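> Quick one, coords34.cif (mmCIF, C-alpha atoms and all ligand atoms):
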```cif
data_work
loop_
_atom_site.group_PDB
_atom_site.id
_atom_site.type_symbol
_atom_site.label_atom_id
_atom_site.label_comp_id
_atom_site.auth_asym_id
_atom_site.auth_seq_id
_atom_site.Cartn_x
_atom_site.Cartn_y
_atom_site.Cartn_z
ATOM 1 C CA MET A 107 130.618 82.670 59.568
ATOM 2 C CA SER A 108 131.146 78.989 60.316
ATOM 3 C CA LEU A 109 132.227 78.492 63.894
ATOM 4 C CA THR A 110 133.845 75.419 65.446
ATOM 5 C CA ILE A 111 134.076 74.907 69.211
ATOM 6 C CA ARG A 112 136.907 72.483 70.015
ATOM 7 C CA PRO A 113 139.410 71.673 72.792
ATOM 8 C CA GLU A 114 142.695 73.578 72.759
ATOM 9 C CA THR A 115 145.885 72.040 71.397
ATOM 10 C CA PRO A 116 149.452 73.143 72.321
ATOM 11 C CA SER A 117 149.816 75.185 69.135
ATOM 12 C CA ASP A 118 146.852 77.326 70.318
ATOM 13 C CA TYR A 119 148.499 78.419 73.602
ATOM 14 C CA PRO A 120 149.965 81.776 72.451
ATOM 15 C CA VAL A 121 146.770 82.767 70.617
ATOM 16 C CA ILE A 122 144.624 81.869 73.632
ATOM 17 C CA THR A 123 146.730 84.223 75.773
ATOM 18 C CA GLU A 124 146.388 86.915 73.097
ATOM 19 C CA VAL A 125 142.590 86.537 72.860
ATOM 20 C CA ASN A 126 142.260 86.847 76.655
ATOM 21 C CA ASP A 127 144.612 89.852 76.800
ATOM 22 C CA LEU A 128 142.711 91.639 74.034
ATOM 23 C CA ALA A 129 139.239 90.856 75.399
ATOM 24 C CA PHE A 130 140.045 91.923 78.971
ATOM 25 C CA GLY A 131 142.443 94.727 77.994
ATOM 26 C CA GLN A 132 144.970 93.479 80.559
ATOM 27 C CA PRO A 133 147.317 90.493 80.908
ATOM 28 C CA ALA A 134 145.813 88.979 84.095
ATOM 29 C CA GLU A 135 143.391 86.508 82.481
ATOM 30 C CA GLY A 136 145.834 85.310 79.796
ATOM 31 C CA LYS A 137 148.331 84.627 82.575
ATOM 32 C CA LEU A 138 145.625 82.895 84.634
ATOM 33 C CA VAL A 139 145.043 80.424 81.787
ATOM 34 C CA GLU A 140 148.782 79.815 81.412
ATOM 35 C CA ASP A 141 149.166 79.264 85.166
ATOM 36 C CA LEU A 142 146.159 76.940 85.448
ATOM 37 C CA ARG A 143 147.450 74.849 82.535
ATOM 38 C CA LYS A 144 150.404 73.884 84.746
ATOM 39 C CA ASN A 145 148.098 72.802 87.600
ATOM 40 C CA PRO A 146 147.642 68.972 87.670
ATOM 41 C CA LYS A 147 143.846 69.409 87.915
ATOM 42 C CA PHE A 148 143.683 71.172 84.526
ATOM 43 C CA VAL A 149 141.328 69.374 82.098
ATOM 44 C CA THR A 150 142.371 69.925 78.463
ATOM 45 C CA GLU A 151 138.880 69.019 77.163
ATOM 46 C CA LEU A 152 137.527 71.957 79.199
ATOM 47 C CA SER A 153 139.762 74.611 77.675
ATOM 48 C CA LEU A 154 137.794 75.289 74.506
ATOM 49 C CA VAL A 155 138.466 77.588 71.600
ATOM 50 C CA ALA A 156 136.040 79.070 69.085
ATOM 51 C CA GLU A 157 137.536 78.918 65.611
ATOM 52 C CA ALA A 158 136.180 80.873 62.632
ATOM 53 C CA ASN A 159 137.798 80.357 59.227
ATOM 54 C CA GLY A 160 140.962 79.021 60.846
ATOM 55 C CA GLU A 161 141.242 81.945 63.281
ATOM 56 C CA ILE A 162 140.805 81.600 67.042
ATOM 57 C CA VAL A 163 138.220 84.212 67.986
ATOM 58 C CA GLY A 164 137.233 83.097 71.487
ATOM 59 C CA HIS A 165 138.207 80.938 74.438
ATOM 60 C CA ILE A 166 136.560 79.511 77.561
ATOM 61 C CA LEU A 167 138.059 77.594 80.461
ATOM 62 C CA PHE A 168 136.379 75.447 83.103
ATOM 63 C CA PHE A 169 138.484 74.344 86.076
ATOM 64 C CA PRO A 170 137.588 71.769 88.783
ATOM 65 C CA ILE A 171 137.081 73.260 92.262
ATOM 66 C CA VAL A 172 135.247 72.322 95.460
ATOM 67 C CA ILE A 173 132.626 73.824 97.739
ATOM 68 C CA ARG A 174 133.598 73.068 101.329
ATOM 69 C CA SER A 175 130.786 72.814 103.878
ATOM 70 C CA GLU A 176 131.086 73.994 107.481
ATOM 71 C CA GLU A 177 131.585 70.351 108.480
ATOM 72 C CA GLY A 178 134.485 70.112 105.989
ATOM 73 C CA LYS A 179 132.580 68.026 103.434
ATOM 74 C CA GLU A 180 133.683 68.654 99.828
ATOM 75 C CA LYS A 181 131.257 69.047 96.927
ATOM 76 C CA GLU A 182 133.017 68.834 93.562
ATOM 77 C CA THR A 183 132.052 71.493 91.057
ATOM 78 C CA ILE A 184 133.704 73.441 88.268
ATOM 79 C CA SER A 185 134.431 77.116 87.733
ATOM 80 C CA LEU A 186 133.812 78.937 84.466
ATOM 81 C CA ALA A 187 136.630 81.460 83.950
ATOM 82 C CA PRO A 188 137.873 83.138 81.998
ATOM 83 C CA LEU A 189 135.609 83.610 78.968
ATOM 84 C CA ALA A 190 136.975 85.832 76.222
ATOM 85 C CA VAL A 191 135.964 86.815 72.701
ATOM 86 C CA ARG A 192 138.162 88.951 70.423
ATOM 87 C CA PRO A 193 136.784 92.509 70.612
ATOM 88 C CA GLU A 194 135.950 92.726 66.897
ATOM 89 C CA PHE A 195 134.018 89.422 67.093
ATOM 90 C CA GLN A 196 131.902 90.259 70.154
ATOM 91 C CA LYS A 197 128.081 90.422 70.098
ATOM 92 C CA LYS A 198 127.856 87.778 67.372
ATOM 93 C CA GLY A 199 126.830 84.946 69.681
ATOM 94 C CA ILE A 200 130.320 83.447 70.048
ATOM 95 C CA GLY A 201 130.427 83.840 73.847
ATOM 96 C CA GLY A 202 127.054 82.089 74.081
ATOM 97 C CA LYS A 203 128.223 79.220 71.872
ATOM 98 C CA LEU A 204 131.368 78.764 73.992
ATOM 99 C CA ILE A 205 129.254 78.659 77.157
ATOM 100 C CA ARG A 206 126.687 76.195 75.760
ATOM 101 C CA GLY A 207 129.378 74.024 74.138
ATOM 102 C CA GLY A 208 131.413 74.065 77.349
ATOM 103 C CA LEU A 209 128.447 73.164 79.542
ATOM 104 C CA LYS A 210 127.765 70.177 77.268
ATOM 105 C CA VAL A 211 131.333 68.881 77.776
ATOM 106 C CA CYS A 212 131.062 69.506 81.543
ATOM 107 C CA ARG A 213 127.933 67.290 81.607
ATOM 108 C CA GLN A 214 129.643 64.610 79.494
ATOM 109 C CA LEU A 215 132.579 64.554 81.931
ATOM 110 C CA GLY A 216 130.203 64.109 84.866
ATOM 111 C CA TYR A 217 130.202 67.584 86.412
ATOM 112 C CA ASP A 218 126.788 68.476 87.796
ATOM 113 C CA SER A 219 127.178 72.183 88.628
ATOM 114 C CA VAL A 220 129.165 75.257 87.594
ATOM 115 C CA ILE A 221 130.331 78.373 89.477
ATOM 116 C CA VAL A 222 131.063 81.716 87.825
ATOM 117 C CA PHE A 223 132.209 85.170 88.946
ATOM 118 C CA GLY A 224 131.007 87.433 86.168
ATOM 119 C CA HIS A 225 128.660 89.930 84.563
ATOM 120 C CA PRO A 226 125.320 89.710 86.413
ATOM 121 C CA GLU A 227 123.348 90.604 83.245
ATOM 122 C CA TYR A 228 125.112 88.038 81.037
ATOM 123 C CA TYR A 229 125.218 84.651 82.778
ATOM 124 C CA PRO A 230 121.544 84.481 83.864
ATOM 125 C CA LYS A 231 120.759 84.094 80.106
ATOM 126 C CA PHE A 232 122.298 80.633 80.456
ATOM 127 C CA GLY A 233 120.431 79.740 83.645
ATOM 128 C CA PHE A 234 122.948 80.944 86.255
ATOM 129 C CA LYS A 235 121.506 82.261 89.541
ATOM 130 C CA GLN A 236 123.138 83.972 92.489
ATOM 131 C CA ALA A 237 125.232 81.373 94.339
ATOM 132 C CA GLY A 238 123.875 82.761 97.599
ATOM 133 C CA THR A 239 120.557 81.138 96.612
ATOM 134 C CA TRP A 240 122.111 77.855 97.776
ATOM 135 C CA GLY A 241 124.131 79.331 100.643
ATOM 136 C CA ILE A 242 127.341 79.150 98.618
ATOM 137 C CA LYS A 243 129.883 81.763 99.682
ATOM 138 C CA ASP A 244 133.127 83.116 98.277
ATOM 139 C CA THR A 245 136.194 84.502 99.989
ATOM 140 C CA PHE A 246 136.894 87.275 97.472
ATOM 141 C CA GLY A 247 134.120 89.582 98.593
ATOM 142 C CA ALA A 248 132.597 89.554 95.088
ATOM 143 C CA PRO A 249 129.288 91.414 94.780
ATOM 144 C CA ALA A 250 126.467 88.905 95.486
ATOM 145 C CA GLU A 251 124.925 89.403 92.034
ATOM 146 C CA ALA A 252 128.264 88.656 90.278
ATOM 147 C CA PHE A 253 128.838 85.351 92.088
ATOM 148 C CA MET A 254 126.635 82.783 90.367
ATOM 149 C CA ALA A 255 126.038 79.049 90.069
ATOM 150 C CA LEU A 256 124.235 76.723 87.692
ATOM 151 C CA GLU A 257 122.839 73.265 88.364
ATOM 152 C CA LEU A 258 123.504 70.879 85.466
ATOM 153 C CA LYS A 259 121.315 68.329 87.277
ATOM 154 C CA GLU A 260 118.264 69.654 89.031
ATOM 155 C CA GLY A 261 118.619 69.870 92.787
ATOM 156 C CA VAL A 262 122.337 69.023 93.067
ATOM 157 C CA LEU A 263 123.164 72.260 94.843
ATOM 158 C CA GLU A 264 120.424 71.820 97.449
ATOM 159 C CA GLY A 265 122.304 71.332 100.685
ATOM 160 C CA ALA A 266 125.626 72.251 99.048
ATOM 161 C CA SER A 267 126.073 75.349 101.187
ATOM 162 C CA GLY A 268 129.662 76.181 101.971
ATOM 163 C CA VAL A 269 132.639 78.138 100.757
ATOM 164 C CA VAL A 270 134.016 77.918 97.229
ATOM 165 C CA GLU A 271 137.707 77.016 97.252
ATOM 166 C CA LEU A 272 139.654 78.239 94.250
ATOM 167 C CA PRO A 273 143.261 77.345 93.481
ATOM 168 C CA GLU A 274 145.736 80.108 94.300
ATOM 169 C CA GLU A 275 146.220 80.936 90.595
ATOM 170 C CA PHE A 276 142.815 82.657 90.807
ATOM 171 C CA LYS A 277 143.916 85.561 92.979
ATOM 172 C CA VAL A 278 141.539 88.280 91.724
ATOM 173 C CA PRO A 279 143.340 91.445 90.645
ATOM 174 C CA GLU A 280 142.130 94.485 92.569
ATOM 175 C CA GLU A 281 140.993 96.212 89.393
ATOM 176 C CA HIS A 282 138.804 93.248 88.326
ATOM 177 C CA ASN A 283 135.404 94.357 87.038
ATOM 178 C CA TYR A 284 132.562 91.887 87.385
HETATM 179 C C1 LIG A 301 131.473 88.847 77.775
HETATM 180 C C2 LIG A 301 131.862 88.278 76.409
HETATM 181 C C3 LIG A 301 132.621 86.984 76.581
HETATM 182 C C4 LIG A 301 130.568 88.018 75.644
HETATM 183 O O1 LIG A 301 130.925 87.431 74.396
HETATM 184 P P1 LIG A 301 130.062 87.727 73.084
HETATM 185 O O2 LIG A 301 130.493 86.810 72.021
HETATM 186 O O3 LIG A 301 130.117 89.191 72.806
HETATM 187 O O4 LIG A 301 128.622 87.326 73.653
HETATM 188 P P2 LIG A 301 127.339 86.945 72.837
HETATM 189 O O5 LIG A 301 127.422 87.497 71.451
HETATM 190 O O6 LIG A 301 127.070 85.515 73.014
HETATM 191 O O7 LIG A 301 126.268 87.716 73.672
HETATM 192 C C5 LIG A 301 126.202 89.098 73.526
HETATM 193 C C6 LIG A 301 125.260 89.598 74.579
HETATM 194 O O8 LIG A 301 125.969 89.691 75.806
HETATM 195 C C7 LIG A 301 125.859 90.984 76.303
HETATM 196 N N1 LIG A 301 127.068 91.338 77.029
HETATM 197 C C8 LIG A 301 128.329 91.371 76.572
HETATM 198 N N2 LIG A 301 129.151 91.821 77.543
HETATM 199 C C9 LIG A 301 128.371 92.063 78.621
HETATM 200 C C10 LIG A 301 128.611 92.577 79.916
HETATM 201 N N3 LIG A 301 129.820 92.975 80.303
HETATM 202 N N4 LIG A 301 127.566 92.663 80.775
HETATM 203 C C11 LIG A 301 126.341 92.321 80.393
HETATM 204 N N5 LIG A 301 126.030 91.866 79.168
HETATM 205 C C12 LIG A 301 127.040 91.738 78.294
HETATM 206 C C13 LIG A 301 125.700 91.842 75.076
HETATM 207 O O9 LIG A 301 125.123 93.078 75.415
HETATM 208 C C14 LIG A 301 124.770 90.982 74.234
HETATM 209 O O10 LIG A 301 123.444 91.086 74.688
HETATM 210 P P3 LIG A 301 122.202 90.888 73.674
HETATM 211 O O11 LIG A 301 122.317 89.469 73.159
HETATM 212 O O12 LIG A 301 121.012 91.100 74.537
HETATM 213 O O13 LIG A 301 122.416 91.902 72.613
HETATM 214 C C15 LIG A 301 132.714 89.278 75.577
HETATM 215 O O14 LIG A 301 132.032 90.494 75.514
HETATM 216 C C16 LIG A 301 134.097 89.511 76.160
HETATM 217 O O15 LIG A 301 135.057 88.815 75.823
HETATM 218 N N6 LIG A 301 134.201 90.523 77.005
HETATM 219 C C17 LIG A 301 135.462 90.895 77.623
HETATM 220 C C18 LIG A 301 135.897 89.860 78.619
HETATM 221 C C19 LIG A 301 134.832 89.554 79.636
HETATM 222 O O16 LIG A 301 134.238 90.447 80.221
HETATM 223 N N7 LIG A 301 134.601 88.238 79.849
HETATM 224 C C20 LIG A 301 133.605 87.741 80.767
HETATM 225 C C21 LIG A 301 134.081 87.834 82.147
HETATM 226 S S1 LIG A 301 132.786 87.433 83.257
#
```
Represent the structure of the file as C-alpha cells.
Ligand SMILES: CC(C)(COP(=O)(O)OP(=O)(O)OC[C@H]1O[C@@H](n2cnc3c(N)ncnc32)[C@H](O)[C@@H]1OP(=O)(O)O)[C@@H](O)C(=O)NCCC(=O)NCCS

Amino acid sequence: MSLTIRPETPSDYPVITEVNDLAFGQPAEGKLVEDLRKNPKFVTELSLVAEANGEIVGHILFFPIVIRSEEGKEKETISLAPLAVRPEFQKKGIGGKLIRGGLKVCRQLGYDSVIVFGHPEYYPKFGFKQAGTWGIKDTFGAPAEAFMALELKEGVLEGASGVVELPEEFKVPEEHNY
C-alpha cells in the first residue's frame, strides 16, 4: 500500500469528517475539526490526511495553543488532536506515519513542543511523556497519564509550567475515552 501524507484541501473536508466519525464512532471529533477550521488560528499545513490509492484513510490535526504560567506568561505550543484512522485501515502503521509526518511539519513551522490528550499506551511510542513531568496542567481533569507533552527541541519545556489553554471548540464530551 503506497501512502501519501499531505495537507488537506477543501475537497477533502467531508471525507475528513467521515474518517473522524468512523474512527471515534461518534460525531464529536469530526465536528471539532470543522469548528477549528473556522478559527483564525487554524493552520492548513497542520491538518494532514493520509491517502492510499486515492482514498483518504486517516487524518491528524495540530492546533496552536498556549501554556499560561502563574505569572501570566504565555508559552506557545501546539495540540495534537484529533488523530483518526479508518477502522478497516487501523494497525497498519498509518497513525504512526501521520504523527511522524505531522511532527516534521510542526518543526518546520517553528513549533518546539506538542501537547496531546490521548491513549497513554500509544503516544509514548513517539516520545510523549506525562505533561505533569514539566508542571503543565490542564483544566479538563484528564487522567495524568493521558495528558502528555513532547519536546521537539530538548529542554524547551523546562520552566514551562502552567496551564494549557485550549480554544473553546475543544470542550471535551463527557463520554470521551482517553
Ligand atoms: C489510535 C489510532 C489513531 C491508531 O492508528 P493506527 O493506524 O491503528 O496506529 P498504528 O498502526 O500506527 O499503530 C498501531 C499500534 O497502536 C496501538 N493502539 C491503537 N489504538 C490504541 C489505543 N487505544 N491504546 C493503546 N494503543 C493503541 C495498537 O495496539 C498498535 O500497537 P502495536 O504496534 O504494538 O501492535 C486508531 O486506532 C484510531 O483511529 N482509533 C480511534 C480514534 C482514536 O482513538 N484516536 C486517538 C485519540 S487519542
> Hey, can you check how far atom O6 of ligand LIG 301 (chain A) sits from CA of Pro193 (chain A)?
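Atom-to-atom, atom O6 of ligand LIG 301 (chain A) to CA of Pro193 (chain A), that is 12.2 Å.
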> Between CA of Val270 (chain A) and CA of Leu186 (chain A), what is the distance, to one decimal in Å?
12.8 Å
> So which residues are near ligand LIG 301 (chain A), meaning at most 10 Å away with all atoms listed in the file counted, given back as JSON, numbers by chain?
{"A": [125, 126, 127, 128, 129, 130, 131, 132, 135, 156, 163, 164, 165, 166, 186, 187, 188, 189, 190, 191, 192, 193, 194, 195, 196, 197, 198, 199, 200, 201, 202, 203, 204, 205, 206, 222, 223, 224, 225, 226, 227, 228, 229, 230, 231, 252, 253, 282, 283, 284]}
> Excluding region 207-216 of chain A and its own-chain neighbours fewer than 2 positions away, which residues fall within 12 Å of it when counting all atoms listed in the file? Please give them as a PyMOL selection string.
chain A and resi 109-113+149-156+165-170+182-187+189+200-205+218-221+232-234+256-259
> Can you list what the PyMOL selection byres (((chain A and resi 242) around 9) and not hetatm) grabs from this structure, as a PDB file with C-alpha atoms, keeping the file's coordinate frame?

```pdb
ATOM      1  CA  ILE A 173     132.626  73.824  97.739  1.00  0.00           C
ATOM      2  CA  SER A 175     130.786  72.814 103.878  1.00  0.00           C
ATOM      3  CA  GLN A 236     123.138  83.972  92.489  1.00  0.00           C
ATOM      4  CA  ALA A 237     125.232  81.373  94.339  1.00  0.00           C
ATOM      5  CA  GLY A 238     123.875  82.761  97.599  1.00  0.00           C
ATOM      6  CA  THR A 239     120.557  81.138  96.612  1.00  0.00           C
ATOM      7  CA  TRP A 240     122.111  77.855  97.776  1.00  0.00           C
ATOM      8  CA  GLY A 241     124.131  79.331 100.643  1.00  0.00           C
ATOM      9  CA  LYS A 243     129.883  81.763  99.682  1.00  0.00           C
ATOM     10  CA  ASP A 244     133.127  83.116  98.277  1.00  0.00           C
ATOM     11  CA  ALA A 255     126.038  79.049  90.069  1.00  0.00           C
ATOM     12  CA  LEU A 263     123.164  72.260  94.843  1.00  0.00           C
ATOM     13  CA  ALA A 266     125.626  72.251  99.048  1.00  0.00           C
ATOM     14  CA  SER A 267     126.073  75.349 101.187  1.00  0.00           C
ATOM     15  CA  GLY A 268     129.662  76.181 101.971  1.00  0.00           C
ATOM     16  CA  VAL A 269     132.639  78.138 100.757  1.00  0.00           C
ATOM     17  CA  VAL A 270     134.016  77.918  97.229  1.00  0.00           C
TER      18      VAL A 270
END
```
